[in-house]
Amino acid sequence: MTTAEPRHPLVVAHRGASALAPEHTIAAYEKAVEAGADALELDVRLSADGQAVVIHDATLERTTDGSGPVHERTLQQLKRLDAGAWFGEAFRGQRIQTLTELLERFRDRVGFTVELKGGSDFYPGIEERVLTFLQIYDVLDRSLVVSFDHPALKKLKGLDRDVRVGALVTGRLLDPTALAPPGILDAVCLRAELTTEREVELVRKAGLEVYVWVVNEPLLARRLAGWGVRGLITDRPDLLRPLFRDA
């Protein structure tokens, strides 16, 4: 199989520069922007009072000094937690962020990859809420909404045909057209350790963009770029950005 001409993929900071600062905090996102990331990846859940908060885990123990399910805490309760000290004393006092806080702070500086950690079956109304914020902050054209919950992506597309959506896939990809009805997806997001050139080719032939997660090794990044992927989701934008300075 002939390797495609090298492209310059987008460097997407996975939870910010999460190898350098506590994930999903202002510190991590500022470091990502300083490193030259093209976009910031944000994991979104809803709090008990329906606020869109940015945190990966369903529970609080790993990345804060709190405990219990995120969706059982109000935004006020979540804001009282320390989200940085677990990573290092220098980051003590970092807080859980809302989606609106991050869109407000970074909207004129980078794009966004927003992952819904669940659709309306678990977080009622999350699709409408996230879409509204992307519209209000005028970043719809610089955002990609992704999820393992593929029906949530279909719902988003039904709300606004202009929203760009991508299906997250954990296993081997046999047929990208089977992930969603025609016209729904704009991208497929593949797991780095399982991604092959054939899979990338299949997705691109289906007319979809390819994003790969999580890519931290420069050699792998160069190989994926040669295959024509659109985005590299990475904990280390500081390592990958210099590879594609003219992107």
# chains A, B, ... in the order shown; residues from 1 in each chain; ligands from 1
>>> residues_around(residues="stretch 124-140 of chain A", least_positions_apart="4", cutoff="9 Å", atoms="only C-alpha atoms", output="PyMOL selection string")
chain A and resi 44-46+50-52+99-100+103-104+107-108+111-112+114+116+118-120+144-145+152-153+155-156+159-160+162-164
>>> write_last_selection(atoms="N, CA and C atoms", output="mmCIF file, in the first residue's frame")
data_model
loop_
_atom_site.group_PDB
_atom_site.id
_atom_site.type_symbol
_atom_site.label_atom_id
_atom_site.label_comp_id
_atom_site.auth_asym_id
_atom_site.auth_seq_id
_atom_site.Cartn_x
_atom_site.Cartn_y
_atom_site.Cartn_z
ATOM 1 N N VAL A 44 -17.218 16.458 28.895
ATOM 2 C CA VAL A 44 -18.335 17.174 29.505
ATOM 3 C C VAL A 44 -19.351 16.215 30.116
ATOM 4 N N ARG A 45 -19.717 16.524 31.356
ATOM 5 C CA ARG A 45 -20.804 15.872 32.074
ATOM 6 C C ARG A 45 -21.730 16.951 32.627
ATOM 7 N N LEU A 46 -22.872 16.549 33.156
ATOM 8 C CA LEU A 46 -23.766 17.500 33.814
ATOM 9 C C LEU A 46 -23.729 17.292 35.321
ATOM 10 N N GLY A 50 -27.658 20.486 36.590
ATOM 11 C CA GLY A 50 -27.729 20.621 35.149
ATOM 12 C C GLY A 50 -26.684 21.503 34.505
ATOM 13 N N GLN A 51 -25.585 21.771 35.208
ATOM 14 C CA GLN A 51 -24.516 22.589 34.645
ATOM 15 C C GLN A 51 -23.504 21.709 33.906
ATOM 16 N N ALA A 52 -23.039 22.186 32.760
ATOM 17 C CA ALA A 52 -22.063 21.439 31.974
ATOM 18 C C ALA A 52 -20.677 21.645 32.564
ATOM 19 N N LEU A 99 -18.038 24.274 31.072
ATOM 20 C CA LEU A 99 -17.832 24.423 29.633
ATOM 21 C C LEU A 99 -17.855 25.893 29.238
ATOM 22 N N THR A 100 -18.760 26.650 29.803
ATOM 23 C CA THR A 100 -18.859 28.070 29.437
ATOM 24 C C THR A 100 -17.624 28.851 29.855
ATOM 25 N N LEU A 103 -14.966 28.030 27.208
ATOM 26 C CA LEU A 103 -15.277 28.647 25.918
ATOM 27 C C LEU A 103 -15.029 30.153 25.971
ATOM 28 N N GLU A 104 -15.415 30.765 27.062
ATOM 29 C CA GLU A 104 -15.210 32.213 27.225
ATOM 30 C C GLU A 104 -13.727 32.562 27.227
ATOM 31 N N ARG A 107 -11.995 30.996 23.460
ATOM 32 C CA ARG A 107 -12.689 30.973 22.169
ATOM 33 C C ARG A 107 -11.969 31.730 21.065
ATOM 34 N N ASP A 108 -11.201 32.740 21.406
ATOM 35 C CA ASP A 108 -10.489 33.505 20.383
ATOM 36 C C ASP A 108 -9.064 33.005 20.163
ATOM 37 N N GLY A 111 -9.396 26.046 18.738
ATOM 38 C CA GLY A 111 -10.637 25.327 18.497
ATOM 39 C C GLY A 111 -10.915 24.382 19.657
ATOM 40 N N PHE A 112 -11.999 23.604 19.529
ATOM 41 C CA PHE A 112 -12.419 22.735 20.633
ATOM 42 C C PHE A 112 -12.865 21.368 20.113
ATOM 43 N N VAL A 114 -15.067 18.600 21.877
ATOM 44 C CA VAL A 114 -15.899 18.422 23.069
ATOM 45 C C VAL A 114 -16.429 16.996 23.098
ATOM 46 N N LEU A 116 -18.854 14.355 24.741
ATOM 47 C CA LEU A 116 -19.985 14.086 25.622
ATOM 48 C C LEU A 116 -19.735 12.733 26.290
ATOM 49 N N GLY A 118 -21.757 11.138 27.932
ATOM 50 C CA GLY A 118 -23.003 10.392 27.858
ATOM 51 C C GLY A 118 -24.044 11.280 27.222
ATOM 52 N N GLY A 119 -25.042 10.658 26.591
ATOM 53 C CA GLY A 119 -26.114 11.416 25.974
ATOM 54 C C GLY A 119 -27.284 11.608 26.918
ATOM 55 N N SER A 120 -28.433 11.924 26.344
ATOM 56 C CA SER A 120 -29.604 12.263 27.146
ATOM 57 C C SER A 120 -30.138 11.114 27.985
ATOM 58 N N LEU A 144 -15.528 20.280 17.232
ATOM 59 C CA LEU A 144 -15.944 18.924 16.875
ATOM 60 C C LEU A 144 -16.492 18.300 18.145
ATOM 61 N N VAL A 145 -17.723 17.794 18.096
ATOM 62 C CA VAL A 145 -18.317 17.116 19.254
ATOM 63 C C VAL A 145 -18.194 15.621 19.029
ATOM 64 N N ALA A 152 -26.333 10.046 20.603
ATOM 65 C CA ALA A 152 -26.242 11.454 21.009
ATOM 66 C C ALA A 152 -25.734 12.308 19.857
ATOM 67 N N LEU A 153 -24.825 11.755 19.057
ATOM 68 C CA LEU A 153 -24.315 12.483 17.898
ATOM 69 C C LEU A 153 -25.411 12.664 16.854
ATOM 70 N N LYS A 155 -28.557 12.861 17.507
ATOM 71 C CA LYS A 155 -29.462 13.878 18.050
ATOM 72 C C LYS A 155 -28.916 15.274 17.808
ATOM 73 N N LEU A 156 -27.616 15.452 18.027
ATOM 74 C CA LEU A 156 -26.981 16.753 17.790
ATOM 75 C C LEU A 156 -27.159 17.187 16.343
ATOM 76 N N LEU A 159 -30.447 18.519 15.612
ATOM 77 C CA LEU A 159 -30.696 19.851 16.164
ATOM 78 C C LEU A 159 -30.087 20.944 15.301
ATOM 79 N N ASP A 160 -28.928 20.651 14.708
ATOM 80 C CA ASP A 160 -28.238 21.649 13.876
ATOM 81 C C ASP A 160 -27.333 20.910 12.897
ATOM 82 N N ASP A 162 -25.171 22.019 11.056
ATOM 83 C CA ASP A 162 -23.836 22.608 10.959
ATOM 84 C C ASP A 162 -22.876 22.114 12.036
ATOM 85 N N VAL A 163 -23.401 21.470 13.071
ATOM 86 C CA VAL A 163 -22.497 20.978 14.117
ATOM 87 C C VAL A 163 -21.720 19.789 13.568
ATOM 88 N N ARG A 164 -20.411 19.774 13.801
ATOM 89 C CA ARG A 164 -19.555 18.700 13.329
ATOM 90 C C ARG A 164 -19.418 17.664 14.444
#
>>> select_by_dssp(residues="stretch 1-244 of chain A", states="strand (DSSP E or B)", output="short mmCIF file (atom, residue, chain, number, x, y, z; two decimals) with N, CA and C atoms, in the first residue's frame")
data_model
loop_
_atom_site.label_atom_id
_atom_site.label_comp_id
_atom_site.auth_asym_id
_atom_site.auth_seq_id
_atom_site.Cartn_x
_atom_site.Cartn_y
_atom_site.Cartn_z
N LEU A 10 -4.07 18.48 12.79
CA LEU A 10 -4.32 19.34 13.93
C LEU A 10 -3.78 18.67 15.19
N VAL A 11 -3.18 19.48 16.06
CA VAL A 11 -2.71 18.99 17.35
C VAL A 11 -3.77 19.35 18.38
N VAL A 12 -4.42 18.33 18.93
CA VAL A 12 -5.52 18.51 19.87
C VAL A 12 -5.05 18.12 21.26
N ALA A 13 -5.08 19.06 22.19
CA ALA A 13 -4.56 18.82 23.54
C ALA A 13 -5.57 18.04 24.37
N HIS A 14 -5.22 16.81 24.69
CA HIS A 14 -6.09 15.86 25.39
C HIS A 14 -6.24 16.24 26.86
N ALA A 39 -6.33 22.85 19.09
CA ALA A 39 -7.63 22.68 19.73
C ALA A 39 -7.45 22.09 21.12
N LEU A 40 -8.44 22.30 21.97
CA LEU A 40 -8.47 21.75 23.32
C LEU A 40 -9.55 20.69 23.40
N GLU A 41 -9.22 19.55 24.00
CA GLU A 41 -10.20 18.49 24.19
C GLU A 41 -10.81 18.62 25.58
N LEU A 42 -12.16 18.61 25.64
CA LEU A 42 -12.89 18.80 26.88
C LEU A 42 -13.88 17.66 27.07
N ASP A 43 -13.87 17.01 28.23
CA ASP A 43 -14.86 15.98 28.55
C ASP A 43 -15.98 16.62 29.34
N VAL A 44 -17.22 16.46 28.90
CA VAL A 44 -18.33 17.17 29.51
C VAL A 44 -19.35 16.22 30.12
N ARG A 45 -19.72 16.52 31.36
CA ARG A 45 -20.80 15.87 32.07
C ARG A 45 -21.73 16.95 32.63
N LEU A 46 -22.87 16.55 33.16
CA LEU A 46 -23.77 17.50 33.81
C LEU A 46 -23.73 17.29 35.32
N ALA A 52 -23.04 22.19 32.76
CA ALA A 52 -22.06 21.44 31.97
C ALA A 52 -20.68 21.65 32.56
N VAL A 53 -20.13 20.60 33.18
CA VAL A 53 -18.83 20.68 33.82
C VAL A 53 -17.83 19.81 33.06
N VAL A 54 -16.57 20.20 33.15
CA VAL A 54 -15.53 19.54 32.36
C VAL A 54 -14.69 18.65 33.28
N THR A 59 -16.69 9.77 38.63
CA THR A 59 -16.56 10.06 40.06
C THR A 59 -15.39 11.00 40.30
N PRO A 69 -20.13 10.39 42.91
CA PRO A 69 -20.45 10.69 41.52
C PRO A 69 -20.53 12.19 41.24
N GLN A 97 -13.72 23.19 35.99
CA GLN A 97 -14.22 24.26 35.12
C GLN A 97 -15.56 23.89 34.49
N THR A 98 -16.35 24.90 34.18
CA THR A 98 -17.55 24.67 33.39
C THR A 98 -17.20 24.83 31.92
N GLY A 111 -9.40 26.05 18.74
CA GLY A 111 -10.64 25.33 18.50
C GLY A 111 -10.92 24.38 19.66
N PHE A 112 -12.00 23.60 19.53
CA PHE A 112 -12.42 22.74 20.63
C PHE A 112 -12.86 21.37 20.11
N THR A 113 -12.48 20.34 20.85
CA THR A 113 -13.03 19.00 20.65
C THR A 113 -13.76 18.65 21.94
N VAL A 114 -15.07 18.60 21.88
CA VAL A 114 -15.90 18.42 23.07
C VAL A 114 -16.43 17.00 23.10
N GLU A 115 -16.04 16.25 24.13
CA GLU A 115 -16.55 14.88 24.25
C GLU A 115 -17.72 14.84 25.22
N LEU A 116 -18.85 14.36 24.74
CA LEU A 116 -19.98 14.09 25.62
C LEU A 116 -19.73 12.73 26.29
N SER A 143 -15.31 23.70 16.18
CA SER A 143 -15.52 22.67 17.19
C SER A 143 -15.91 21.34 16.55
N LEU A 144 -15.53 20.28 17.23
CA LEU A 144 -15.94 18.92 16.87
C LEU A 144 -16.49 18.30 18.15
N VAL A 145 -17.72 17.79 18.10
CA VAL A 145 -18.32 17.12 19.25
C VAL A 145 -18.19 15.62 19.03
N VAL A 146 -17.60 14.92 19.97
CA VAL A 146 -17.36 13.48 19.83
C VAL A 146 -17.98 12.74 20.99
N SER A 147 -18.22 11.45 20.78
CA SER A 147 -18.79 10.65 21.86
C SER A 147 -18.75 9.17 21.50
N VAL A 165 -19.63 16.39 14.08
CA VAL A 165 -19.61 15.34 15.10
C VAL A 165 -18.71 14.19 14.67
N GLY A 166 -18.14 13.52 15.68
CA GLY A 166 -17.23 12.41 15.42
C GLY A 166 -17.51 11.24 16.36
N ALA A 167 -17.50 10.04 15.83
CA ALA A 167 -17.75 8.83 16.61
C ALA A 167 -16.44 8.30 17.19
N LEU A 168 -16.39 8.14 18.50
CA LEU A 168 -15.27 7.50 19.16
C LEU A 168 -15.41 5.99 19.04
N VAL A 169 -14.30 5.33 18.69
CA VAL A 169 -14.31 3.88 18.48
C VAL A 169 -13.15 3.27 19.27
N ALA A 187 -16.53 12.76 11.29
CA ALA A 187 -15.22 12.22 11.65
C ALA A 187 -15.38 10.92 12.43
N VAL A 188 -14.30 10.15 12.44
CA VAL A 188 -14.19 8.96 13.27
C VAL A 188 -12.92 9.09 14.08
N CYS A 189 -13.01 8.78 15.37
CA CYS A 189 -11.86 8.93 16.27
C CYS A 189 -11.40 7.54 16.70
N LEU A 190 -10.19 7.19 16.28
CA LEU A 190 -9.65 5.86 16.48
C LEU A 190 -8.63 5.82 17.61
N ARG A 191 -8.55 4.69 18.26
CA ARG A 191 -7.58 4.48 19.34
C ARG A 191 -6.20 4.22 18.75
N GLU A 209 -13.28 12.45 8.22
CA GLU A 209 -11.97 12.78 8.77
C GLU A 209 -11.58 11.76 9.83
N VAL A 210 -10.28 11.60 10.04
CA VAL A 210 -9.76 10.67 11.05
C VAL A 210 -9.02 11.44 12.14
N TYR A 211 -9.43 11.21 13.38
CA TYR A 211 -8.70 11.70 14.55
C TYR A 211 -8.21 10.47 15.31
N VAL A 212 -7.03 10.56 15.89
CA VAL A 212 -6.45 9.41 16.59
C VAL A 212 -6.07 9.83 18.01
N TRP A 213 -6.42 8.97 18.98
CA TRP A 213 -6.15 9.22 20.40
C TRP A 213 -5.53 7.97 21.04
N GLY A 231 -6.48 14.77 12.74
CA GLY A 231 -6.13 15.29 14.06
C GLY A 231 -5.42 14.27 14.92
N LEU A 232 -4.49 14.75 15.74
CA LEU A 232 -3.76 13.93 16.71
C LEU A 232 -4.13 14.43 18.10
N ILE A 233 -4.79 13.59 18.87
CA ILE A 233 -5.20 13.95 20.22
C ILE A 233 -4.10 13.50 21.16
N THR A 234 -3.50 14.44 21.88
CA THR A 234 -2.25 14.17 22.59
C THR A 234 -2.19 14.81 23.97
#
>>> residues_around(residues="A:Ala21", least_positions_apart="6", cutoff="10 Å", atoms="only C-alpha atoms", output="PyMOL selection string")
chain A and resi 15+27-32+84+87-88+90-91+235
>>> atom_distance(atom1="atom CA of A:His8", atom2="atom CA of A:Pro237")
13.8 Å
>>> decode(residues="stretch 8-19 of chain A", atoms="C-alpha atoms", output="PDB file, in the first residue's frame")
ATOM      1  CA  HIS A   8      -0.118  18.540   8.755  1.00  0.00           C
ATOM      2  CA  PRO A   9      -2.714  17.279  11.219  1.00  0.00           C
ATOM      3  CA  LEU A  10      -4.321  19.342  13.933  1.00  0.00           C
ATOM      4  CA  VAL A  11      -2.709  18.992  17.352  1.00  0.00           C
ATOM      5  CA  VAL A  12      -5.521  18.512  19.867  1.00  0.00           C
ATOM      6  CA  ALA A  13      -4.561  18.825  23.544  1.00  0.00           C
ATOM      7  CA  HIS A  14      -6.092  15.863  25.389  1.00  0.00           C
ATOM      8  CA  ARG A  15      -7.641  17.316  28.559  1.00  0.00           C
ATOM      9  CA  GLY A  16      -5.157  20.133  28.009  1.00  0.00           C
ATOM     10  CA  ALA A  17      -1.425  19.523  28.258  1.00  0.00           C
ATOM     11  CA  SER A  18      -2.343  16.783  30.696  1.00  0.00           C
ATOM     12  CA  ALA A  19       1.165  15.323  30.994  1.00  0.00           C
TER      13      ALA A  19
END
